[in-house]
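J.: This is the structure I have questions about; it appears just below.
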Amino acid sequence: MAPLRTSPRSLQGNPDDLARKTRMDLEDHQKTLEELAAIIAEIQRVPCAIGQSIPWYEETVPDLCFECDGASYLRASYPELFDEIGTMYGAADSTHFNVQDKRGLLERGWNHGKASGLYDQDASTRTKPTATGATITDGDHVGTEQNDTMQKITGYAGIDALTRQFDAVVTKQESGVFTWSANGSTRIVNSIAVGTATGRLNFNSANSTSPNAAKTSDYENHPKNVTVMYITRYAWS
């Protein structure tokens with residue numbers, strides 16, 4: 001807010017000067033109030049600070065904002081945004097900077113050194129963005145990324161061999177997500193294998209006996225979700 005031009009000391013002197021200074025003060029304060037009102041209206045329209053990212057539930061980017069799509073922009077054209085994020089998310093050269101690319105990604109709370117209870121046990125292996133010039137450090141830091149993974153799954157499968165006098169019959173055991181495919185056959189004659197047989201153990205989660213198996217088998221592990229567009233503000237006006 002602009003400082004007052006009039007003060008107790010300035011109240012003395014020419015009445016015309018006093019009126020002029022008072023009028024200028026009022027004009028300055030009116031302008032400041034108008035600027036504050038515009039910022040408040042802008043916050044109500046898009047509640048996002050410069051450099052902050054928020055979910056936006058439309059496919060059109062609002063005015064004074066960018067989509068968080070990893071795009072490159074001139075530092076001189078958007079100095080306020082550059083002052084906030086710098087080259088965290090990349091820089092093609094010394095005159096450009098990138099916004100964060102959050103397309104197709106879910107957000108996760110920063111682990112910030114937490115080592116007990118519910119925490120990110122893989123925080124140390126997180127990686128910085130792949131964009132050229134990104135200055136984020138790998139590991140447990142804001143803005144790092146993590147690919148999709150799944151917890152280790154262990155188990156076993158086997159076959160039963162039923163031996164008769166001159167040959168052996170191999171019986172498959174398969175269930176649910178495991179299937180067994182075999183080619184050829186093996187006959188046992190006087191304890192000597194005759195012929196050839198090959199087999200392969202197959203795993204397909206879509207074959208699960210779960211009633212939702214067909215719906216939940218996909219290219220990645222993910223929770224139920226809804227799509228949003230992440231945006232960031234670059235200026236107030």
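Labels used: A, B, ... for chains in the order of the structure tokens, numbers from 1 for residues in each chain, and numbers from 1 for ligands as shown.
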Please return, as a list in words, all residues of segment 49-165 of chain A that DSSP assigns to alpha helix (DSSP H) on the basis of the backbone.

T.: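 Answer for segment 49-165 of chain A restricted to alpha helix (DSSP H) is Pro79, Glu80, Leu81, Phe82, Asp83, Glu84 and Ile85 of chain A.
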
J.: Please return as a JSON list (two decimals) with N, CA and C atoms, in the first residue's frame: the residues of segment 1-148 of chain A that backbone DSSP assigns to strand (DSSP E or B).

T.:
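Saved to result-v7.json:
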[["chain", "number", "residue", "atom", "x", "y", "z"],
["A", 50, "ILE", "N", 1.01, -17.94, -7.57],
["A", 50, "ILE", "CA", 2.01, -18.07, -8.62],
["A", 50, "ILE", "C", 3.00, -19.17, -8.24],
["A", 53, "SER", "N", 0.60, -25.43, -7.93],
["A", 53, "SER", "CA", -0.21, -26.19, -8.89],
["A", 53, "SER", "C", -1.46, -26.70, -8.20],
["A", 54, "ILE", "N", -2.57, -26.64, -8.90],
["A", 54, "ILE", "CA", -3.84, -27.11, -8.36],
["A", 54, "ILE", "C", -4.55, -27.93, -9.44],
["A", 55, "PRO", "N", -5.46, -28.83, -9.03],
["A", 55, "PRO", "CA", -6.26, -29.55, -10.02],
["A", 55, "PRO", "C", -7.33, -28.64, -10.60],
["A", 56, "TRP", "N", -7.55, -28.75, -11.89],
["A", 56, "TRP", "CA", -8.55, -27.94, -12.59],
["A", 56, "TRP", "C", -9.48, -28.91, -13.31],
["A", 65, "CYS", "N", -2.86, -18.54, -16.42],
["A", 65, "CYS", "CA", -2.37, -19.83, -15.93],
["A", 65, "CYS", "C", -1.80, -20.66, -17.08],
["A", 66, "PHE", "N", -0.97, -21.62, -16.72],
["A", 66, "PHE", "CA", -0.45, -22.60, -17.66],
["A", 66, "PHE", "C", -0.86, -23.99, -17.21],
["A", 67, "GLU", "N", -1.00, -24.91, -18.16],
["A", 67, "GLU", "CA", -1.12, -26.31, -17.79],
["A", 67, "GLU", "C", 0.24, -26.82, -17.33],
["A", 69, "ASP", "N", 2.38, -29.10, -17.99],
["A", 69, "ASP", "CA", 2.62, -30.08, -19.05],
["A", 69, "ASP", "C", 4.09, -30.15, -19.46],
["A", 72, "SER", "N", 8.11, -25.30, -22.10],
["A", 72, "SER", "CA", 9.21, -24.35, -21.89],
["A", 72, "SER", "C", 8.73, -22.93, -22.18],
["A", 73, "TYR", "N", 9.15, -21.97, -21.33],
["A", 73, "TYR", "CA", 8.75, -20.57, -21.49],
["A", 73, "TYR", "C", 9.94, -19.66, -21.28],
["A", 74, "LEU", "N", 9.85, -18.46, -21.85],
["A", 74, "LEU", "CA", 10.90, -17.47, -21.69],
["A", 74, "LEU", "C", 10.86, -16.87, -20.29],
["A", 96, "HIS", "N", 15.33, -19.78, -20.87],
["A", 96, "HIS", "CA", 14.06, -20.47, -20.74],
["A", 96, "HIS", "C", 13.96, -21.22, -19.41],
["A", 97, "PHE", "N", 12.77, -21.67, -19.09],
["A", 97, "PHE", "CA", 12.54, -22.55, -17.95],
["A", 97, "PHE", "C", 11.31, -23.40, -18.24],
["A", 98, "ASN", "N", 11.19, -24.53, -17.58],
["A", 98, "ASN", "CA", 10.06, -25.44, -17.79],
["A", 98, "ASN", "C", 9.11, -25.40, -16.60],
["A", 101, "ASP", "N", 5.76, -31.16, -15.31],
["A", 101, "ASP", "CA", 4.90, -32.01, -16.13],
["A", 101, "ASP", "C", 4.18, -33.00, -15.22],
["A", 127, "THR", "N", 13.47, -40.25, -8.50],
["A", 127, "THR", "CA", 14.33, -39.61, -9.49],
["A", 127, "THR", "C", 13.82, -38.23, -9.86],
["A", 145, "GLU", "N", 10.15, -37.96, -8.96],
["A", 145, "GLU", "CA", 9.13, -38.83, -9.55],
["A", 145, "GLU", "C", 9.40, -40.29, -9.20]]

J.: Using only C-alpha atoms, pick whichever of A:Val177, A:Ile85, A:Asn221, A:Val99 has the shortest atom-to-atom distance to Met150 of chain A.

T.: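 Closest residue, counting only C-alpha atoms: A:Asn221.
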
J.: Name all residues at most 12 Å from Pro223 of chain A (count only C-alpha atoms; drop same-chain ones fewer than 5 positions away) and give them as a list in words.

T.: Leu105, Leu106, Asp148, Thr216 and Asp218 of chain A

J.: Mind writing the picked residues with N, CA and C atoms as a PDB file, in the first residue's frame?

T.:
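Output (selection06.pdb):
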ATOM      1  N   LEU A 105      -0.072 -38.225 -13.792  1.00  0.00           N
ATOM      2  CA  LEU A 105       0.563 -38.568 -12.526  1.00  0.00           C
ATOM      3  C   LEU A 105      -0.342 -38.268 -11.337  1.00  0.00           C
ATOM      4  N   LEU A 106      -0.188 -39.072 -10.295  1.00  0.00           N
ATOM      5  CA  LEU A 106      -0.860 -38.822  -9.030  1.00  0.00           C
ATOM      6  C   LEU A 106       0.115 -38.144  -8.080  1.00  0.00           C
ATOM      7  N   ASP A 148       5.616 -46.645 -11.728  1.00  0.00           N
ATOM      8  CA  ASP A 148       4.683 -47.592 -11.119  1.00  0.00           C
ATOM      9  C   ASP A 148       5.407 -48.893 -10.794  1.00  0.00           C
ATOM     10  N   THR A 216      -9.954 -55.292 -13.458  1.00  0.00           N
ATOM     11  CA  THR A 216      -8.792 -54.739 -12.765  1.00  0.00           C
ATOM     12  C   THR A 216      -7.474 -55.183 -13.363  1.00  0.00           C
ATOM     13  N   ASP A 218      -4.759 -54.502 -16.050  1.00  0.00           N
ATOM     14  CA  ASP A 218      -4.414 -53.412 -16.950  1.00  0.00           C
ATOM     15  C   ASP A 218      -2.904 -53.317 -17.056  1.00  0.00           C
TER      16      ASP A 218
END

J.: Can you work out the spacing between atom CA of Gln151 of chain A and atom CA of Val226 of chain A in Å, to one decimal?

T.: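 Atom CA of Val226 of chain A lies at a distance of 23.6 Å from atom CA of Gln151 of chain A.
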
J.: Mind checking which residues fall within 6 Å of Arg75 of chain A, counting only C-alpha atoms, ignoring those fewer than 4 positions away in the same chain, and posting them as a list in words?

T.: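 Everything that qualifies: Pro79, Phe82, Thr95 and His96 of chain A.
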